[in-house]
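Structure file data.cif; described as mmCIF, C-alpha atoms.
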data_upload
loop_
_atom_site.label_atom_id
_atom_site.label_comp_id
_atom_site.auth_asym_id
_atom_site.auth_seq_id
_atom_site.Cartn_x
_atom_site.Cartn_y
_atom_site.Cartn_z
CA HIS A 1 0.00 0.00 0.00
CA ILE A 2 3.02 2.28 -0.29
CA LYS A 3 1.72 3.92 -3.49
CA HIS A 4 -1.59 4.75 -1.83
CA HIS A 5 0.16 6.50 1.05
CA VAL A 6 2.38 8.44 -1.36
CA VAL A 7 -0.71 9.73 -3.17
CA GLN A 8 -2.29 10.68 0.13
CA ASN A 9 0.80 12.59 1.29
CA VAL A 10 1.02 14.47 -2.02
CA VAL A 11 -2.59 15.60 -1.65
CA ILE A 12 -2.02 16.71 1.94
CA HIS A 13 1.01 18.84 1.08
CA LYS A 14 -0.35 20.29 -2.16
CA TYR A 15 -3.97 20.93 -1.33
CA MET A 16 -4.52 20.62 2.41
CA SER A 17 -1.32 21.72 4.13
CA ASN A 18 -3.19 23.45 6.95
CA THR A 19 -5.31 20.50 7.99
CA VAL A 20 -4.96 16.89 9.06
CA ASP A 21 -8.51 16.01 8.04
CA VAL A 22 -7.95 12.47 6.79
CA GLU A 23 -11.46 12.09 5.44
CA GLY A 24 -11.14 15.38 3.60
CA VAL A 25 -7.91 14.20 2.03
CA ARG A 26 -9.53 10.92 1.04
CA ALA A 27 -12.48 12.75 -0.52
CA VAL A 28 -10.10 14.79 -2.69
CA ILE A 29 -8.30 11.62 -3.79
CA ILE A 30 -11.56 9.82 -4.58
CA ASP A 31 -12.91 12.73 -6.62
CA TYR A 32 -9.67 12.98 -8.59
CA PHE A 33 -9.48 9.31 -9.52
CA THR A 34 -13.21 9.05 -10.15
CA ASP A 35 -12.85 11.79 -12.76
CA MET A 36 -9.91 9.90 -14.26
CA GLY A 37 -12.09 6.82 -14.95
CA LEU A 38 -11.89 3.11 -14.19
CA ASP A 39 -10.34 2.35 -17.57
CA LYS A 40 -7.13 3.89 -16.18
CA GLU A 41 -4.89 1.55 -14.17
CA ARG A 42 -3.99 4.07 -11.46
CA ALA A 43 -7.64 4.94 -10.84
CA ALA A 44 -8.69 1.29 -10.65
CA LEU A 45 -6.03 0.52 -8.04
CA GLU A 46 -6.47 3.68 -6.01
CA LEU A 47 -10.27 3.85 -5.81
CA THR A 48 -10.63 0.30 -4.52
CA TYR A 49 -8.18 1.03 -1.73
CA GLN A 50 -9.69 4.39 -0.81
CA PHE A 51 -13.27 3.08 -0.78
CA GLN A 52 -12.25 0.21 1.47
CA GLU A 53 -10.38 2.51 3.86
CA ALA A 54 -13.35 4.89 3.95
CA GLY A 55 -15.77 2.04 4.69
CA ARG A 56 -17.78 2.87 1.57
CA LYS A 57 -18.79 -0.70 0.82
CA ALA A 58 -21.41 0.10 -1.80
CA ASP A 59 -18.90 2.14 -3.81
CA LEU A 60 -16.24 -0.54 -3.35
CA LEU A 61 -18.61 -3.21 -4.66
CA GLU A 62 -19.54 -1.20 -7.74
CA THR A 63 -15.86 -0.55 -8.42
CA ILE A 64 -14.65 -4.14 -8.19
CA LYS A 65 -17.56 -5.27 -10.40
CA SER A 66 -16.00 -3.27 -13.26
CA LEU A 67 -14.43 -5.37 -16.02
CA GLY A 68 -11.69 -2.78 -16.34
CA VAL A 69 -10.82 -3.07 -12.65
CA PHE A 70 -10.72 -6.88 -12.87
CA ASN A 71 -8.45 -6.60 -15.90
CA THR A 72 -6.12 -4.12 -14.19
CA PHE A 73 -5.67 -6.20 -11.04
CA PHE A 74 -5.03 -9.45 -12.89
CA SER A 75 -2.72 -7.80 -15.44
CA SER A 76 -0.74 -6.23 -12.57
CA GLY A 77 -0.29 -9.53 -10.75
CA LEU A 78 -2.67 -8.42 -7.99
CA GLU A 79 -5.23 -11.18 -8.30
CA SER A 80 -5.14 -11.95 -4.58
CA GLU A 81 -5.90 -8.31 -3.76
CA ILE A 82 -9.09 -8.08 -5.78
CA VAL A 83 -10.20 -11.49 -4.51
CA GLY A 84 -9.54 -10.08 -1.04
CA TYR A 85 -11.80 -7.12 -1.75
CA TRP A 86 -14.51 -9.56 -2.83
CA GLY A 87 -14.03 -11.31 0.52
CA THR A 88 -15.50 -8.20 2.14
CA PHE A 89 -18.81 -9.33 0.66
CA ASP A 90 -18.36 -13.05 1.43
CA ALA A 91 -18.29 -13.79 -2.30
CA ASP A 92 -16.95 -17.17 -3.40
CA SER A 93 -15.26 -17.81 -6.75
CA ARG A 94 -18.49 -18.82 -8.46
CA MET A 95 -20.26 -15.64 -7.41
CA ILE A 96 -17.30 -13.55 -8.55
CA ALA A 97 -17.25 -15.26 -11.94
CA GLU A 98 -21.00 -14.74 -12.38
CA VAL A 99 -20.63 -11.02 -11.78
CA TYR A 100 -17.98 -10.62 -14.46
CA ASP A 101 -19.75 -12.90 -16.90
CA LYS A 102 -22.91 -10.83 -16.50
CA ALA A 103 -20.92 -7.62 -16.99
CA LEU A 104 -19.26 -9.04 -20.11
CA ARG A 105 -22.60 -10.01 -21.62
CA SER A 106 -23.97 -6.57 -20.77
CA LEU A 107 -20.98 -4.92 -22.47
CA GLU A 108 -21.45 -7.05 -25.59
CA ALA A 109 -25.16 -6.21 -25.69
CA ALA A 110 -24.44 -2.51 -25.22
CA GLY A 111 -21.93 -2.60 -28.05
CA ALA A 112 -24.42 -4.34 -30.32
CA GLU A 113 -26.97 -1.63 -29.52
CA GLY A 114 -24.54 1.10 -30.54
CA MET A 115 -23.03 2.32 -27.26
CA THR A 116 -20.02 4.47 -28.10
CA THR A 117 -16.49 3.45 -27.22
CA ILE A 118 -16.21 6.35 -24.78
CA ASP A 119 -19.36 5.31 -22.95
CA GLN A 120 -18.25 1.67 -22.88
CA ARG A 121 -15.03 2.68 -21.14
CA LYS A 122 -16.95 4.93 -18.74
CA VAL A 123 -19.49 2.27 -17.75
CA TYR A 124 -17.45 -0.94 -17.99
CA GLY A 125 -13.85 0.26 -17.73
CA ILE A 126 -13.07 -1.29 -21.12
CA SER A 127 -14.29 -1.12 -24.72
CA LEU A 128 -15.00 -3.90 -27.19
CA ASP A 129 -12.90 -2.32 -29.94
CA ASN A 130 -9.74 -2.38 -27.81
CA TYR A 131 -8.93 -5.93 -28.85
CA GLU A 132 -5.67 -6.18 -26.91
CA SER A 133 -7.35 -5.22 -23.62
CA MET A 134 -10.27 -7.52 -24.36
CA ALA A 135 -7.84 -10.35 -25.06
CA ARG A 136 -6.13 -9.81 -21.70
CA LEU A 137 -9.50 -9.64 -19.92
CA LEU A 138 -10.78 -12.86 -21.48
CA SER A 139 -7.50 -14.67 -20.87
CA HIS A 140 -7.47 -13.69 -17.19
CA LEU A 141 -11.13 -14.57 -16.75
CA GLY A 142 -10.68 -17.91 -18.52
CA ARG A 143 -7.78 -18.85 -16.25
CA PHE A 144 -9.67 -17.76 -13.15
CA LEU A 145 -12.65 -19.90 -14.12
CA SER A 146 -10.49 -22.92 -14.93
CA ARG A 147 -8.48 -22.61 -11.72
CA THR A 148 -11.66 -22.48 -9.64
CA GLY A 149 -13.17 -25.53 -11.36
CA GLN A 150 -15.73 -23.68 -13.49
CA ASN A 151 -14.74 -25.42 -16.68
CA LEU A 152 -17.82 -24.95 -18.86
CA ALA A 153 -17.96 -21.24 -18.11
CA GLY A 154 -14.22 -21.05 -18.77
CA ILE A 155 -14.64 -22.75 -22.13
CA ASP A 156 -17.23 -20.18 -23.18
CA ILE A 157 -14.80 -17.37 -22.30
CA LEU A 158 -11.94 -19.04 -24.18
CA LYS A 159 -14.10 -19.37 -27.28
CA ARG A 160 -14.63 -15.61 -27.16
CA LEU A 161 -10.87 -15.21 -26.74
CA VAL A 162 -10.26 -17.22 -29.92
CA ALA A 163 -12.62 -14.88 -31.78
CA VAL A 164 -10.83 -11.77 -30.46
CA HIS A 165 -7.40 -13.08 -31.50
CA GLU A 166 -8.79 -13.93 -34.92
CA ARG A 167 -9.64 -10.23 -35.23
CA ILE A 168 -6.19 -9.17 -34.01
CA ASN A 169 -4.16 -11.58 -36.14
CA PRO A 170 -6.07 -14.25 -38.08
CA GLY A 171 -4.31 -17.59 -38.43
CA SER A 172 -1.69 -16.71 -35.81
CA ALA A 173 0.07 -18.88 -33.23
CA HIS A 174 -2.05 -17.19 -30.54
CA VAL A 175 -5.22 -18.44 -32.20
CA ALA A 176 -3.72 -21.93 -32.37
CA SER A 177 -2.57 -22.00 -28.73
CA ILE A 178 -5.91 -20.72 -27.41
CA SER A 179 -7.76 -23.25 -29.57
CA LEU A 180 -5.69 -25.93 -27.87
CA ARG A 181 -6.62 -24.45 -24.49
CA VAL A 182 -10.28 -24.83 -25.42
CA ALA A 183 -9.69 -28.43 -26.50
CA HIS A 184 -7.80 -29.19 -23.29
CA GLN A 185 -10.59 -27.75 -21.13
CA TYR A 186 -13.11 -29.93 -22.95
CA TRP A 187 -10.82 -32.93 -22.42
CA LYS A 188 -10.59 -32.23 -18.68
CA ILE A 189 -14.35 -32.71 -18.29
CA GLY A 190 -14.65 -35.60 -20.74
CA TYR A 191 -16.20 -33.66 -23.64
CA TYR A 192 -13.86 -35.22 -26.19
CA ALA A 193 -16.04 -34.78 -29.29
CA GLU A 194 -16.55 -31.08 -28.53
CA GLY A 195 -12.82 -30.56 -28.10
CA LEU A 196 -11.72 -32.25 -31.32
CA PRO A 197 -12.62 -29.41 -33.76
CA PHE A 198 -10.53 -26.97 -31.74
CA ALA A 199 -7.59 -29.38 -31.57
CA ASP A 200 -7.79 -30.03 -35.30
CA SER A 201 -7.99 -26.32 -36.06
CA ALA A 202 -4.90 -25.67 -33.93
CA LEU A 203 -2.91 -28.40 -35.71
CA LYS A 204 -3.80 -26.99 -39.12
CA LEU A 205 -2.66 -23.54 -38.04
CA TYR A 206 0.62 -24.88 -36.62
CA THR A 207 1.23 -26.76 -39.88
CA ASN A 208 0.60 -23.65 -41.95
CA LEU A 209 2.79 -21.52 -39.70
CA TYR A 210 5.74 -23.82 -38.96
CA GLY A 211 5.57 -26.83 -41.25
CA HIS A 212 5.16 -30.56 -40.68
CA GLU A 213 8.47 -31.01 -38.81
CA SER A 214 8.12 -28.19 -36.29
CA LEU A 215 8.31 -28.51 -32.52
CA GLN A 216 5.11 -26.48 -32.24
CA LEU A 217 3.22 -29.02 -34.34
CA ALA A 218 4.73 -31.92 -32.39
CA ASP A 219 3.62 -30.38 -29.09
CA GLY A 220 0.19 -29.58 -30.49
CA SER A 221 -0.15 -33.10 -31.84
CA TYR A 222 0.65 -34.56 -28.43
CA GLN A 223 -2.00 -32.43 -26.77
CA ALA A 224 -4.49 -33.21 -29.52
CA ALA A 225 -3.83 -36.94 -29.10
CA LEU A 226 -5.30 -36.64 -25.61
CA MET A 227 -8.63 -35.82 -27.27
CA TYR A 228 -8.85 -39.17 -29.01
#

How would this structure read if it were set down as structure tokens?
Amino acid sequence: HIKHHVVQNVVIHKYMSNTVDVEGVRAVIIDYFTDMGLDKERAALELTYQFQEAGRKADLLETIKSLGVFNTFFSSGLESEIVGYWGTFDADSRMIAEVYDKALRSLEAAGAEGMTTIDQRKVYGISLDNYESMARLLSHLGRFLSRTGQNLAGIDILKRLVAVHERINPGSAHVASISLRVAHQYWKIGYYAEGLPFADSALKLYTNLYGHESLQLADGSYQAALMY
């Protein structure tokens, strides 16, 4: 929490040098980062901390429900911190996943209905047309679901991730590796037939990219063999 205290001290010295009103300082910090927006990493990290310290649970809950905040914490290696914030509300992994899945579906629906990119970032902390950020979000969410045993939900997220990477770079190694992840998740729960198309697609991509004698194809073939 060193960064949070640095921000607080800067505000005290710059704006409130004649007072030690901690709550007043916190209000200034919250207003500043709220104006910045939850699509900004610094705001996502700072607002969660300040809302928790202020005991503003309703505001904390709305903040951690943001897809952009989830993405920021996981991308920064702070997964345990955001899970800890969810612990304030006695939320288990399944409840957490349901919140983000609902938010993702809402974002997709809003985009389909014509919500602007600016408004998407304001409401959800991320926009559908920022494919790189969406790819990170879906990858983090897919891993979180898989790690907490929510395999079918994780597979649905990974399928969306394949589609995003196909927009970023069609026919790429990323598309192949994520397709194998989908196949592997299906294999884990015994859905072999459902996993086969993704394994086959990955092998075709590896062959096109690296040739029949490549290590990538050999590794992909080994993983695909588990599907049979």

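For the set A:Leu38, A:Leu205, A:Leu45, A:Ala135, the residue with the smallest atom-to-atom gap to Val123 in chain A is A:Leu38, counting all atoms listed in the file.
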
If you count only C-alpha atoms, which residues fall within 12 Å of Glu79 in chain A, apart from same-chain ones fewer than 6 positions away, as an MDAnalysis selection string?
chainID A and resid 45 64 69:73 85:86 140:141 143:144

CA of Ser179 in chain A and CA of Leu67 in chain A are how many Å apart?
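These atoms are spaced 23.4 Å apart.
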
Distance of CA of Gly55 in chain A from CA of Ile118 in chain A, expressed in Å to one decimal place:
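If I compute the distance from CA of Ile118 in chain A to CA of Gly55 in chain A, I get 29.8 Å.
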
So how many Å separate CA of Leu180 in chain A and CA of Ala199 in chain A, to one decimal?
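Interatomic distance here is 5.4 Å.
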
Given the file shown, enumerate the residues that the PyMOL selection byres ((chain A and resi 189) around 12) captures and present them as a VMD selection string.
chain A and resid 146 149 to 152 154 to 155 182 to 188 190 to 195 227

Show which residues sit within 7 Å of Ser66 in chain A, as a PyMOL selection string. Count only C-alpha atoms, and ignore same-chain residues fewer than 4 positions away.
chain A and resi 62+70+124-125

Missing atoms in range 173-184 of chain A need filling: write out all heavy atoms for it as an mmCIF file, in the coordinates of the input.
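Just written: rebuild30.cif:
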data_model
loop_
_atom_site.group_PDB
_atom_site.id
_atom_site.type_symbol
_atom_site.label_atom_id
_atom_site.label_comp_id
_atom_site.auth_asym_id
_atom_site.auth_seq_id
_atom_site.Cartn_x
_atom_site.Cartn_y
_atom_site.Cartn_z
ATOM 1 N N ALA A 173 -0.258 -17.884 -34.249
ATOM 2 C CA ALA A 173 0.070 -18.880 -33.230
ATOM 3 C C ALA A 173 -0.794 -18.683 -31.980
ATOM 4 O O ALA A 173 -1.097 -19.652 -31.270
ATOM 5 C CB ALA A 173 1.546 -18.794 -32.866
ATOM 6 N N HIS A 174 -1.176 -17.438 -31.689
ATOM 7 C CA HIS A 174 -2.050 -17.190 -30.540
ATOM 8 C C HIS A 174 -3.392 -17.877 -30.727
ATOM 9 O O HIS A 174 -3.928 -18.481 -29.789
ATOM 10 C CB HIS A 174 -2.261 -15.688 -30.339
ATOM 11 C CG HIS A 174 -1.134 -14.984 -29.661
ATOM 12 N ND1 HIS A 174 -0.705 -15.313 -28.397
ATOM 13 C CD2 HIS A 174 -0.345 -13.968 -30.078
ATOM 14 C CE1 HIS A 174 0.295 -14.525 -28.050
ATOM 15 N NE2 HIS A 174 0.536 -13.706 -29.049
ATOM 16 N N VAL A 175 -3.946 -17.781 -31.913
ATOM 17 C CA VAL A 175 -5.220 -18.440 -32.200
ATOM 18 C C VAL A 175 -5.072 -19.944 -32.014
ATOM 19 O O VAL A 175 -5.938 -20.607 -31.420
ATOM 20 C CB VAL A 175 -5.706 -18.116 -33.627
ATOM 21 C CG1 VAL A 175 -6.973 -18.922 -33.951
ATOM 22 C CG2 VAL A 175 -5.974 -16.627 -33.777
ATOM 23 N N ALA A 176 -3.957 -20.491 -32.496
ATOM 24 C CA ALA A 176 -3.720 -21.930 -32.370
ATOM 25 C C ALA A 176 -3.592 -22.356 -30.909
ATOM 26 O O ALA A 176 -4.200 -23.342 -30.476
ATOM 27 C CB ALA A 176 -2.456 -22.319 -33.137
ATOM 28 N N SER A 177 -2.801 -21.605 -30.126
ATOM 29 C CA SER A 177 -2.570 -22.000 -28.730
ATOM 30 C C SER A 177 -3.847 -21.894 -27.902
ATOM 31 O O SER A 177 -4.109 -22.739 -27.036
ATOM 32 C CB SER A 177 -1.462 -21.148 -28.110
ATOM 33 O OG SER A 177 -1.838 -19.789 -28.018
ATOM 34 N N ILE A 178 -4.659 -20.871 -28.166
ATOM 35 C CA ILE A 178 -5.910 -20.720 -27.410
ATOM 36 C C ILE A 178 -6.908 -21.797 -27.835
ATOM 37 O O ILE A 178 -7.662 -22.317 -27.000
ATOM 38 C CB ILE A 178 -6.493 -19.316 -27.606
ATOM 39 C CG1 ILE A 178 -5.518 -18.269 -27.078
ATOM 40 C CG2 ILE A 178 -7.819 -19.181 -26.865
ATOM 41 C CD1 ILE A 178 -5.771 -16.877 -27.601
ATOM 42 N N SER A 179 -6.900 -22.157 -29.109
ATOM 43 C CA SER A 179 -7.760 -23.250 -29.570
ATOM 44 C C SER A 179 -7.405 -24.540 -28.842
ATOM 45 O O SER A 179 -8.294 -25.316 -28.458
ATOM 46 C CB SER A 179 -7.626 -23.433 -31.081
ATOM 47 O OG SER A 179 -8.100 -22.300 -31.779
ATOM 48 N N LEU A 180 -6.112 -24.755 -28.627
ATOM 49 C CA LEU A 180 -5.690 -25.930 -27.870
ATOM 50 C C LEU A 180 -6.129 -25.844 -26.408
ATOM 51 O O LEU A 180 -6.456 -26.867 -25.793
ATOM 52 C CB LEU A 180 -4.176 -26.116 -27.939
ATOM 53 C CG LEU A 180 -3.624 -26.873 -29.152
ATOM 54 C CD1 LEU A 180 -2.094 -26.987 -29.051
ATOM 55 C CD2 LEU A 180 -4.239 -28.266 -29.264
ATOM 56 N N ARG A 181 -6.137 -24.628 -25.861
ATOM 57 C CA ARG A 181 -6.620 -24.450 -24.490
ATOM 58 C C ARG A 181 -8.093 -24.843 -24.392
ATOM 59 O O ARG A 181 -8.516 -25.487 -23.419
ATOM 60 C CB ARG A 181 -6.440 -23.001 -24.024
ATOM 61 C CG ARG A 181 -5.033 -22.640 -23.592
ATOM 62 C CD ARG A 181 -4.928 -21.170 -23.230
ATOM 63 N NE ARG A 181 -5.754 -20.788 -22.098
ATOM 64 C CZ ARG A 181 -5.898 -19.529 -21.682
ATOM 65 N NH1 ARG A 181 -5.283 -18.540 -22.328
ATOM 66 N NH2 ARG A 181 -6.659 -19.256 -20.635
ATOM 67 N N VAL A 182 -8.871 -24.453 -25.399
ATOM 68 C CA VAL A 182 -10.280 -24.830 -25.420
ATOM 69 C C VAL A 182 -10.403 -26.350 -25.467
ATOM 70 O O VAL A 182 -11.180 -26.957 -24.709
ATOM 71 C CB VAL A 182 -11.006 -24.209 -26.630
ATOM 72 C CG1 VAL A 182 -12.454 -24.712 -26.699
ATOM 73 C CG2 VAL A 182 -10.986 -22.681 -26.556
ATOM 74 N N ALA A 183 -9.638 -26.974 -26.373
ATOM 75 C CA ALA A 183 -9.690 -28.430 -26.500
ATOM 76 C C ALA A 183 -9.298 -29.110 -25.190
ATOM 77 O O ALA A 183 -9.929 -30.095 -24.771
ATOM 78 C CB ALA A 183 -8.756 -28.876 -27.626
ATOM 79 N N HIS A 184 -8.268 -28.586 -24.538
ATOM 80 C CA HIS A 184 -7.800 -29.190 -23.290
ATOM 81 C C HIS A 184 -8.857 -29.065 -22.194
ATOM 82 O O HIS A 184 -9.053 -30.009 -21.409
ATOM 83 C CB HIS A 184 -6.505 -28.502 -22.839
ATOM 84 C CG HIS A 184 -5.942 -29.065 -21.575
ATOM 85 N ND1 HIS A 184 -5.468 -30.356 -21.486
ATOM 86 C CD2 HIS A 184 -5.795 -28.526 -20.336
ATOM 87 C CE1 HIS A 184 -5.045 -30.583 -20.252
ATOM 88 N NE2 HIS A 184 -5.232 -29.486 -19.539
#
